[in-house]
$ cat protein-v6.txt   # compact mmCIF, C-alpha atoms
# COMPACT_ATOMS: atom_id res chain seq x y z
CA MET U 48 70.79 -7.64 -24.27
CA SER U 49 70.58 -5.52 -21.15
CA ASP U 50 66.97 -4.72 -22.09
CA THR U 51 65.93 -8.25 -21.19
CA GLY U 52 67.11 -7.94 -17.61
CA ILE U 53 69.66 -10.73 -17.93
CA GLY U 54 72.89 -9.96 -16.13
CA THR U 55 71.15 -7.64 -13.67
CA GLY U 56 70.09 -8.38 -10.14
CA THR U 57 66.53 -9.20 -11.20
CA ASP U 58 65.04 -12.64 -11.72
CA VAL U 59 64.53 -13.77 -15.28
CA GLY U 60 62.02 -16.43 -16.16
CA PRO U 61 58.38 -17.35 -15.70
CA GLY U 62 56.79 -15.38 -12.91
CA THR U 63 59.60 -14.44 -10.54
CA GLY U 64 62.33 -16.73 -11.86
CA THR U 65 63.25 -19.74 -13.93
CA GLY U 66 62.41 -22.28 -11.27
CA ILE U 67 66.10 -22.85 -10.47
CA GLU U 68 66.78 -21.92 -6.86
CA VAL U 69 70.13 -20.15 -6.96
CA GLU U 70 71.12 -17.21 -4.78
CA PRO U 71 71.46 -14.10 -7.03
CA GLY U 72 74.86 -13.17 -5.64
CA THR U 73 76.58 -16.55 -6.09
CA ASP U 74 79.24 -17.26 -8.69
CA GLU U 75 77.05 -19.98 -10.15
CA GLU U 76 74.17 -17.55 -10.69
CA ARG U 77 76.44 -14.93 -12.23
CA LEU U 78 77.85 -17.50 -14.66
CA ARG U 79 74.35 -18.65 -15.52
CA ARG U 80 73.31 -15.10 -16.36
CA TRP U 81 76.43 -14.51 -18.44
CA ARG U 82 75.75 -17.75 -20.29
CA LEU U 83 72.25 -16.52 -21.17
CA VAL U 84 73.63 -13.16 -22.26
CA LEU U 85 76.45 -14.60 -24.40
CA GLY U 86 74.61 -17.53 -25.94
CA GLY U 87 77.20 -20.04 -27.01
CA ALA U 88 75.44 -23.38 -27.35
CA ASP U 89 78.73 -24.74 -28.71
CA GLY U 90 80.60 -23.77 -25.53
CA SER U 91 82.41 -20.81 -27.08
CA ASP U 92 81.05 -18.41 -24.45
CA GLY U 93 83.72 -19.60 -22.00
CA THR U 94 81.44 -19.91 -18.98
CA GLY U 95 81.38 -23.70 -18.95
CA VAL U 96 77.72 -23.59 -17.90
CA ALA U 97 75.27 -26.07 -19.41
CA LEU U 98 71.64 -25.04 -19.42
CA GLY U 99 68.66 -27.28 -18.89
CA GLY U 100 64.94 -27.08 -18.30
CA ALA U 101 63.46 -23.59 -18.33
CA ASP U 102 66.89 -22.02 -18.87
CA ALA U 103 67.38 -24.01 -22.06
CA GLY U 104 63.98 -22.90 -23.34
CA MET U 105 64.77 -19.30 -22.49
CA ASP U 106 68.12 -19.57 -24.27
CA LYS U 107 66.40 -20.87 -27.39
CA THR U 108 63.98 -17.94 -27.53
CA LEU U 109 66.85 -15.47 -27.09
CA ASP U 110 68.99 -17.21 -29.68
CA ALA U 111 66.23 -16.91 -32.28
CA VAL U 112 66.67 -13.12 -32.32
CA TYR U 113 70.11 -12.46 -30.84
CA GLY U 114 71.99 -15.55 -32.06
CA GLY U 115 74.16 -13.46 -34.36
CA GLY U 116 73.83 -15.56 -37.47
CA GLY U 117 71.44 -13.12 -39.11
CA GLY U 118 69.81 -15.87 -41.15
CA ALA U 119 66.12 -16.20 -41.85
CA GLY U 120 65.84 -19.83 -40.86
CA THR U 121 66.32 -21.97 -37.80
CA ALA U 122 68.59 -24.57 -39.32
CA GLN U 123 72.13 -25.07 -38.10
CA GLY U 124 74.61 -22.50 -39.38
CA GLY U 125 78.25 -23.03 -40.13
CA GLY U 126 80.29 -24.70 -37.40
CA GLY U 127 77.19 -26.02 -35.66
CA ARG U 128 76.10 -22.63 -34.28
CA ARG U 129 72.47 -21.76 -34.61
CA SER U 130 71.73 -18.69 -36.71
CA ALA U 131 69.21 -16.05 -35.69
CA GLY U 132 65.81 -16.54 -37.22
CA LEU U 133 62.20 -17.51 -36.72
CA GLY U 134 61.62 -19.24 -39.98
CA GLY U 135 59.41 -17.97 -42.75
CA SER U 136 55.98 -18.85 -41.40
CA ALA U 137 53.53 -17.05 -39.16
CA PRO U 138 52.78 -20.20 -37.09
CA GLN U 139 56.43 -20.61 -36.14
CA ALA U 140 56.76 -16.92 -35.25
CA ALA U 141 53.49 -17.10 -33.28
CA ARG U 142 54.86 -20.04 -31.27
CA TRP U 143 57.99 -18.01 -30.50
CA LEU U 144 55.83 -15.11 -29.32
CA GLY U 145 54.05 -17.50 -26.98
CA ASP U 146 57.36 -18.85 -25.69
CA ILE U 147 58.80 -15.45 -24.80
CA ARG U 148 55.67 -14.68 -22.77
CA THR U 149 56.42 -17.81 -20.77
CA TYR U 150 59.90 -16.66 -19.81
CA PHE U 151 59.78 -12.85 -19.68
CA PRO U 152 57.56 -10.06 -18.30
CA SER U 153 55.43 -7.94 -20.65
CA SER U 154 57.89 -5.03 -20.84
CA VAL U 155 60.69 -7.37 -21.98
CA VAL U 156 58.37 -9.16 -24.42
CA GLN U 157 57.67 -5.85 -26.13
CA VAL U 158 61.39 -5.13 -26.51
CA MET U 159 62.07 -8.59 -27.96
CA GLN U 160 59.13 -8.28 -30.37
CA ARG U 161 60.46 -4.96 -31.60
CA ASP U 162 63.96 -6.41 -32.05
CA ALA U 163 62.58 -9.43 -33.91
CA ILE U 164 60.65 -7.19 -36.30
CA ASP U 165 63.70 -4.98 -36.90
CA ARG U 166 66.40 -7.68 -37.07
CA LEU U 167 64.54 -10.48 -38.85
CA GLY U 168 62.17 -8.57 -41.08
CA LEU U 169 58.96 -9.97 -39.59
CA SER U 170 56.81 -7.09 -40.82
CA ALA U 171 55.31 -9.16 -43.63
CA LEU U 172 54.26 -11.86 -41.15
CA LEU U 173 52.28 -9.26 -39.20
CA LEU U 174 49.83 -9.24 -42.10
CA GLU U 175 48.71 -12.72 -40.99
CA PRO U 176 45.75 -12.77 -38.52
CA GLU U 177 47.23 -15.66 -36.48
CA MET U 178 50.43 -13.65 -36.01
CA LEU U 179 48.54 -10.53 -34.92
CA GLU U 180 46.60 -12.53 -32.36
CA ALA U 181 49.86 -13.71 -30.78
CA VAL U 182 51.67 -10.39 -30.37
CA GLU U 183 51.92 -8.27 -27.22
CA PRO U 184 50.27 -4.96 -28.20
CA ASP U 185 52.24 -1.77 -27.62
CA VAL U 186 52.81 1.65 -29.19
CA HIS U 187 55.69 0.47 -31.39
CA LEU U 188 53.66 -2.43 -32.74
CA VAL U 189 50.85 -0.02 -33.61
CA GLY U 190 53.36 2.10 -35.53
CA THR U 191 54.49 -0.96 -37.49
CA LEU U 192 50.89 -1.94 -38.29
CA LEU U 193 50.10 1.57 -39.48
CA SER U 194 53.09 1.50 -41.81
CA LEU U 195 51.69 -1.76 -43.26
CA ASN U 196 48.13 -0.48 -43.47
CA LYS U 197 47.98 -0.06 -47.23
CA ALA U 198 49.41 -3.54 -47.85
CA MET U 199 47.21 -5.29 -45.29
CA PRO U 200 44.73 -7.82 -46.70
CA GLU U 201 41.08 -7.51 -45.71
CA THR U 202 41.33 -10.75 -43.70
CA SER U 203 43.83 -9.07 -41.37
CA LYS U 204 42.34 -5.59 -41.01
CA GLU U 205 39.78 -6.40 -38.33
CA THR U 206 42.40 -8.19 -36.24
CA ALA U 207 44.79 -5.27 -36.71
CA ARG U 208 42.12 -2.79 -35.63
CA ALA U 209 41.47 -4.88 -32.52
CA VAL U 210 45.20 -4.77 -31.66
CA VAL U 211 45.34 -1.01 -32.22
CA ARG U 212 42.17 -0.43 -30.20
CA LYS U 213 43.57 -2.35 -27.25
CA VAL U 214 46.64 -0.08 -27.17
CA VAL U 215 44.53 3.05 -27.63
CA GLU U 216 42.27 2.07 -24.73
CA GLN U 217 45.30 1.51 -22.50
CA LEU U 218 46.66 4.94 -23.41
CA GLU U 219 43.30 6.64 -22.87
CA LYS U 220 43.02 5.06 -19.43
CA ARG U 221 46.53 6.30 -18.57
CA LEU U 222 46.28 9.82 -20.01
CA THR U 223 42.67 11.06 -20.11
CA SER U 224 42.05 11.93 -16.46
CA ARG U 225 45.31 13.81 -15.97
CA THR U 226 44.92 15.72 -19.23
CA ARG U 227 41.36 16.80 -18.49
CA SER U 228 42.26 17.88 -14.96
CA ALA U 229 45.30 19.93 -16.01
CA LEU U 230 43.56 21.64 -18.92
CA THR U 231 40.31 22.34 -17.08
CA GLY U 232 42.28 24.09 -14.35
CA ALA U 233 44.27 26.06 -16.92
CA LEU U 234 41.10 27.13 -18.73
CA ASP U 235 39.57 28.28 -15.44
CA ARG U 236 42.67 30.25 -14.52
CA SER U 237 42.87 31.85 -17.95
CA ALA U 238 39.44 33.46 -17.40
CA LYS U 239 40.09 35.74 -14.42
CA VAL U 240 37.21 37.86 -13.09
CA THR U 241 37.02 40.72 -10.57
CA ARG U 242 33.72 39.71 -9.00
CA PRO U 243 34.21 36.04 -8.27
CA ARG U 244 32.00 33.84 -6.21
CA HIS U 245 33.45 32.97 -2.83
CA ARG U 246 34.62 29.50 -3.93
CA ASP U 247 36.34 31.02 -6.98
CA ILE U 248 38.43 33.64 -5.15
CA ASP U 249 42.19 33.51 -5.77
CA TRP U 250 43.19 34.38 -2.20
CA ASP U 251 46.92 34.77 -2.88
CA ARG U 252 46.38 37.36 -5.60
CA THR U 253 43.58 39.04 -3.66
CA ILE U 254 45.75 39.50 -0.55
CA ARG U 255 48.67 40.87 -2.56
CA ALA U 256 46.39 43.34 -4.35
CA ASN U 257 44.97 44.62 -1.04
CA LEU U 258 48.07 44.83 1.18
CA LYS U 259 47.68 48.62 1.26
CA ASN U 260 44.41 48.05 3.11
CA TYR U 261 46.04 46.27 6.04
CA LEU U 262 44.58 47.31 9.44
CA PRO U 263 47.18 46.76 12.21
CA GLU U 264 44.67 47.08 15.02
CA TYR U 265 42.62 44.22 13.59
CA ARG U 266 45.62 42.39 12.07
CA THR U 267 43.70 41.86 8.86
CA VAL U 268 43.46 43.01 5.26
CA ILE U 269 40.28 44.62 3.95
CA PRO U 270 39.73 43.05 0.50
CA GLU U 271 38.32 46.00 -1.43
CA ARG U 272 39.14 44.26 -4.72
CA LEU U 273 38.54 40.55 -5.17
CA ILE U 274 40.46 38.58 -7.78
CA GLY U 275 39.35 35.13 -8.80
CA TYR U 276 38.99 32.57 -11.52
CA GLY U 277 36.08 32.36 -13.89
CA ARG U 278 34.71 28.86 -14.21
CA ALA U 279 34.93 27.41 -17.69
CA SER U 280 31.52 27.62 -19.28
CA GLN U 281 30.11 25.68 -22.19
CA ALA U 282 31.51 28.29 -24.59
CA VAL U 283 34.72 27.51 -26.46
CA LYS U 284 37.65 29.20 -24.70
CA LYS U 285 40.58 28.09 -26.86
CA ASP U 286 41.20 26.75 -30.36
CA VAL U 287 43.82 23.98 -30.62
CA ILE U 288 45.42 22.78 -33.86
CA LEU U 289 47.61 19.67 -33.73
CA ALA U 290 49.84 19.37 -36.82
CA ILE U 291 51.50 15.93 -36.88
CA ASP U 292 54.39 14.88 -39.10
CA GLN U 293 53.59 11.35 -40.31
CA SER U 294 57.04 10.50 -41.66
CA GLY U 295 58.16 7.01 -40.66
CA SER U 296 60.39 8.18 -37.78
CA MET U 297 57.41 9.81 -36.05
CA ALA U 298 55.29 6.64 -35.63
CA ALA U 299 55.09 6.66 -31.82
CA SER U 300 54.34 10.40 -31.81
CA VAL U 301 51.46 9.87 -34.25
CA VAL U 302 49.94 7.26 -31.92
CA TYR U 303 50.15 9.43 -28.80
CA ALA U 304 49.04 12.60 -30.61
CA SER U 305 45.95 10.84 -31.96
CA VAL U 306 44.93 9.78 -28.46
CA PHE U 307 45.55 13.25 -27.05
CA GLY U 308 43.64 14.76 -29.97
CA ALA U 309 40.59 12.66 -29.06
CA VAL U 310 40.86 13.69 -25.39
CA LEU U 311 41.11 17.39 -26.28
CA ALA U 312 38.22 17.10 -28.73
CA SER U 313 36.03 15.70 -25.96
CA MET U 314 36.42 18.92 -23.93
CA ARG U 315 33.70 21.45 -24.77
CA SER U 316 35.87 24.42 -23.88
CA LEU U 317 38.32 23.50 -26.63
CA ASP U 318 37.81 23.49 -30.38
CA THR U 319 40.35 20.92 -31.54
CA ARG U 320 41.60 20.29 -35.06
CA LEU U 321 43.98 17.45 -35.98
CA VAL U 322 46.06 17.62 -39.15
CA VAL U 323 48.57 15.02 -40.39
CA PHE U 324 51.06 15.72 -43.13
CA ASP U 325 53.92 14.44 -45.23
CA THR U 326 54.18 16.17 -48.61
CA ASN U 327 50.37 16.36 -48.51
CA VAL U 328 48.07 17.61 -45.77
CA VAL U 329 45.09 15.61 -44.45
CA ASP U 330 42.58 17.03 -41.96
CA LEU U 331 41.33 14.21 -39.71
CA THR U 332 39.25 16.38 -37.39
CA ASP U 333 36.01 14.61 -38.32
CA ASP U 334 37.47 11.32 -37.03
CA LEU U 335 38.53 12.65 -33.62
CA ASP U 336 35.73 10.89 -31.75
CA ASP U 337 37.61 7.62 -32.40
CA PRO U 338 41.43 7.68 -32.30
CA VAL U 339 41.54 4.28 -34.03
CA ASP U 340 39.90 5.85 -37.09
CA VAL U 341 42.41 8.69 -36.89
CA LEU U 342 45.33 6.26 -36.81
CA PHE U 343 44.08 4.25 -39.76
CA GLY U 344 43.61 7.54 -41.61
CA THR U 345 47.35 8.21 -41.40
CA GLN U 346 49.95 6.97 -43.86
CA LEU U 347 53.36 6.65 -42.25
CA GLY U 348 56.39 7.26 -44.44
CA GLY U 349 57.10 9.57 -47.33
CA GLY U 350 58.50 13.08 -47.46
CA THR U 351 57.85 16.13 -45.30
CA ASP U 352 56.49 19.58 -46.21
CA ILE U 353 56.07 21.49 -42.96
CA ASN U 354 55.52 24.77 -44.78
CA ARG U 355 52.48 23.41 -46.61
CA ALA U 356 51.06 21.99 -43.37
CA LEU U 357 51.51 25.30 -41.54
CA ALA U 358 49.92 27.16 -44.45
CA TYR U 359 46.83 25.00 -44.01
CA CYS U 360 46.82 25.48 -40.24
CA GLN U 361 47.21 29.25 -40.68
CA SER U 362 44.18 29.30 -42.98
CA ARG U 363 42.05 27.71 -40.23
CA ILE U 364 42.86 30.31 -37.57
CA SER U 365 40.05 32.76 -36.85
CA ARG U 366 40.96 33.83 -33.28
CA PRO U 367 44.76 34.16 -33.15
CA ALA U 368 44.93 35.37 -29.55
CA GLU U 369 42.94 32.32 -28.42
CA THR U 370 44.65 29.75 -30.64
CA ILE U 371 47.36 27.19 -29.82
CA VAL U 372 49.21 25.50 -32.69
CA VAL U 373 51.18 22.39 -31.75
CA LEU U 374 53.64 21.24 -34.42
CA ILE U 375 54.94 17.70 -33.80
CA SER U 376 57.86 17.07 -36.14
CA ASP U 377 61.57 16.27 -36.28
CA LEU U 378 61.82 19.42 -38.48
CA TYR U 379 63.48 17.77 -41.46
CA GLU U 380 61.80 20.12 -43.91
CA GLY U 381 61.45 19.16 -47.54
CA GLY U 382 59.48 22.28 -48.41
CA ILE U 383 60.44 25.95 -48.39
CA ARG U 384 62.39 26.62 -45.18
CA ASP U 385 62.19 30.43 -45.20
CA GLU U 386 58.45 30.38 -45.86
CA MET U 387 57.98 27.95 -42.96
CA LEU U 388 59.78 30.30 -40.57
CA LYS U 389 57.87 33.32 -41.88
CA ARG U 390 54.58 31.57 -41.18
CA VAL U 391 55.61 30.78 -37.62
CA ALA U 392 56.71 34.39 -37.09
CA ALA U 393 53.43 35.70 -38.54
CA MET U 394 51.33 33.45 -36.33
CA LYS U 395 53.22 34.45 -33.20
CA ALA U 396 52.99 38.14 -34.11
CA ALA U 397 49.21 37.72 -34.38
CA GLY U 398 49.07 36.29 -30.86
CA VAL U 399 49.07 32.54 -31.57
CA GLN U 400 50.71 30.32 -28.96
CA PHE U 401 53.06 28.16 -31.02
CA VAL U 402 54.46 24.92 -29.56
CA THR U 403 57.09 22.78 -31.35
CA LEU U 404 57.55 19.20 -30.18
CA LEU U 405 60.36 17.17 -31.73
CA ALA U 406 58.63 14.02 -30.46
CA LEU U 407 55.63 13.09 -28.35
CA SER U 408 56.76 9.74 -26.97
CA ASP U 409 58.67 7.97 -24.21
CA GLU U 410 61.71 7.45 -26.43
CA GLY U 411 63.61 10.66 -25.67
CA THR U 412 64.85 13.27 -28.12
CA PRO U 413 65.02 11.89 -31.68
CA ALA U 414 67.36 12.89 -34.48
CA TYR U 415 66.16 16.30 -35.68
CA ASP U 416 67.17 19.29 -37.78
CA ARG U 417 69.12 21.42 -35.33
CA GLU U 418 69.33 24.41 -37.65
CA HIS U 419 65.57 24.62 -37.95
CA ALA U 420 65.14 24.07 -34.20
CA ALA U 421 67.51 26.96 -33.47
CA ALA U 422 65.66 29.20 -35.93
CA LEU U 423 62.32 28.44 -34.26
CA ALA U 424 63.81 29.08 -30.82
CA ALA U 425 64.98 32.49 -32.05
CA LEU U 426 61.35 33.22 -32.94
CA GLY U 427 60.26 32.35 -29.39
CA ALA U 428 59.08 28.83 -30.24
CA PRO U 429 61.62 26.50 -28.61
CA ALA U 430 61.62 22.96 -29.99
CA PHE U 431 61.89 20.09 -27.52
CA ALA U 432 60.93 16.46 -27.08
CA CYS U 433 57.96 15.82 -24.82
CA THR U 434 56.84 12.69 -22.99
CA PRO U 435 53.13 11.83 -22.89
CA ASP U 436 53.14 12.50 -19.14
CA LEU U 437 54.50 16.04 -19.68
CA PHE U 438 52.12 16.94 -22.51
CA PRO U 439 49.19 18.03 -20.27
CA GLU U 440 51.50 20.46 -18.46
CA VAL U 441 52.79 21.83 -21.77
CA MET U 442 49.24 22.43 -22.98
CA ALA U 443 48.22 24.01 -19.66
CA ALA U 444 51.15 26.44 -19.92
CA ALA U 445 50.19 27.33 -23.49
CA ILE U 446 46.58 27.95 -22.47
CA GLU U 447 47.70 30.26 -19.65
CA LYS U 448 50.28 31.93 -21.92
CA ARG U 449 53.15 31.26 -19.56
CA ALA U 450 56.62 29.80 -20.15
CA LEU U 451 56.56 26.25 -21.46
CA PRO U 452 58.05 23.56 -19.17
CA VAL U 453 60.99 22.70 -21.44
CA PRO U 454 62.94 19.74 -19.96
CA PRO U 455 66.27 20.97 -18.48
CA ASP U 456 68.42 18.70 -20.67
CA GLN U 457 67.10 20.20 -23.91
$ encode --input "protein-v6.txt" --output "structure tokens"
Amino acid sequence: MSDTGIGTGTDVGPGTGTGIEVEPGTDEERLRRWRLVLGGADGSDGTGVALGGADAGMDKTLDAVYGGGGGAGTAQGGGGRRSAGLGGSAPQAARWLGDIRTYFPSSVVQVMQRDAIDRLGLSALLLEPEMLEAVEPDVHLVGTLLSLNKAMPETSKETARAVVRKVVEQLEKRLTSRTRSALTGALDRSAKVTRPRHRDIDWDRTIRANLKNYLPEYRTVIPERLIGYGRASQAVKKDVILAIDQSGSMAASVVYASVFGAVLASMRSLDTRLVVFDTNVVDLTDDLDDPVDVLFGTQLGGGTDINRALAYCQSRISRPAETIVVLISDLYEGGIRDEMLKRVAAMKAAGVQFVTLLALSDEGTPAYDREHAAALAALGAPAFACTPDLFPEVMAAAIEKRALPVPPDQ
């Protein structure tokens, strides 16, 4: 329950609090917060605190998910305690979604939605348009909708696409500018020239290269040789292949990778290909102009054949020295392990920059196959989890063929 903010020093309730004016540091306020954390409508929590008004409403919304009864209904459980549940109808669940918005900020609402879906099995209700209209859109909800895509009735698909598009637009707003800036700079720096225009001169490198031409009497360096950056032209400088594992555990990574794929595809200096795989391989490059189409072209769940996916990627490489392959997978390989490693070794030997991301999300390092990760690291392709904010820097390093910014705790 710590995710909801209850029991911390922050206010909980509509706006900045519940409307009850109690100093945060008082015993009364601490007991109130413990009462909300522990539940205990029958008094078994031991706090002796009775809730009323907004606090009672907040307690009811919390009890629906965290009440501990595990039931599917809202009727009284044994001994008079309420059991966890939102009932079996979309209208009742939609009302609960509206209630939690009343009492908690958006970030907490998203956590409670996720817990309700996981604990109470609300996935089926998400197929109802009225339910979809009530939810707080976020990356995890998109992952759930994608996993339900094949079972979704036509009446719900347009609403689901609207929910997914809202999240995609939020991510594009957050990530596009930084990604373009980092990669444009990296592309410029990767095309060094010896006769740069004045504005393109790399003065640090130029001075170091001409230190032998230092004139003490004038206290200056004569720059006989200029070193600078070539400006990225309209020509394609690098080929990028994103290979995304679409097993169920990779849902958030699929969402972020689809958005990044669209951003990369919009840059003329990059030729971007996006491939998703489980035991089959699907090339979604033609849909990259709209990440929503990419996402609805995925099919979360199923097995994993990394070797088959890499075989396809390898077949699409025409300029190895100018190609970056990004494998996003937890590395639980269901295909031929030795062949997978041989393909990675062959690509690296040909000059391909190979990047292995265990996850592309804000959730930290997932469960992954450590043996396969160690084998890839031995080939010079360290596997690590990457946040969306770090991804532009990872790609910039790959473009410039320098060491990848692997987080220190991995």
$ residues_around --input "protein-v6.txt" --residues "U:Ser300" --least-positions-apart "3" --cutoff "7 Å" --atoms "all atoms listed in the file" --output "list of chain:residue names"
U:Met297, U:Tyr303, U:Ala304, U:Ala406, U:Leu407, U:Ser408
$ residues_near_point --input "protein-v6.txt" --point "(60.0, 16.1, -33.9)" --cutoff "12 Å" --atoms "all atoms listed in the file" --output "PyMOL selection string"
chain U and resi 290-301+304+351+353+373-380+402-408+410-417+419-420+429-434
$ closest_residue --input "protein-v6.txt" --among "U:Thr253, U:Ile248, U:Glu180, U:Asp110" --to "U:Ala163" --atoms "all atoms listed in the file"
U:Asp110
$ closest_residue --input "protein-v6.txt" --among "U:Asp330, U:Thr191, U:Ala358, U:Val322" --to "U:Leu169" --atoms "all atoms listed in the file"
U:Thr191
$ atom_distance --input "protein-v6.txt" --atom1 "atom CA of U:Gln361" --atom2 "atom CA of U:Thr319"
14.1 Å
$ atom_distance --input "protein-v6.txt" --atom1 "atom CA of U:Ala171" --atom2 "atom CA of U:Ala111"
17.6 Å
$ atom_distance --input "protein-v6.txt" --atom1 "atom CA of U:Leu193" --atom2 "atom CA of U:Thr223"
22.8 Å
$ closest_residue --input "protein-v6.txt" --among "U:Leu167, U:Val328, U:Val310, U:Gln346" --to "U:Leu230" --atoms "all atoms listed in the file"
U:Val310
$ closest_residue --input "protein-v6.txt" --among "U:Pro270, U:Gly308, U:Pro367, U:Gly348" --to "U:Met442" --atoms "all atoms listed in the file"
U:Gly308
$ closest_residue --input "protein-v6.txt" --among "U:Val156, U:Met387, U:Ile288, U:Ala312" --to "U:Ile364" --atoms "only C-alpha atoms"
U:Ile288
$ residues_around --input "protein-v6.txt" --residues "U:Val283" --least-positions-apart "3" --cutoff "8 Å" --atoms "all atoms listed in the file" --output "PDB file with C-alpha atoms, in the frame of the given file"
ATOM      1  CA  SER U 280      31.520  27.620 -19.280  1.00  0.00           C
ATOM      2  CA  ASP U 286      41.200  26.750 -30.360  1.00  0.00           C
ATOM      3  CA  ARG U 315      33.700  21.450 -24.770  1.00  0.00           C
ATOM      4  CA  SER U 316      35.870  24.420 -23.880  1.00  0.00           C
ATOM      5  CA  LEU U 317      38.320  23.500 -26.630  1.00  0.00           C
ATOM      6  CA  ASP U 318      37.810  23.490 -30.380  1.00  0.00           C
TER       7      ASP U 318
END
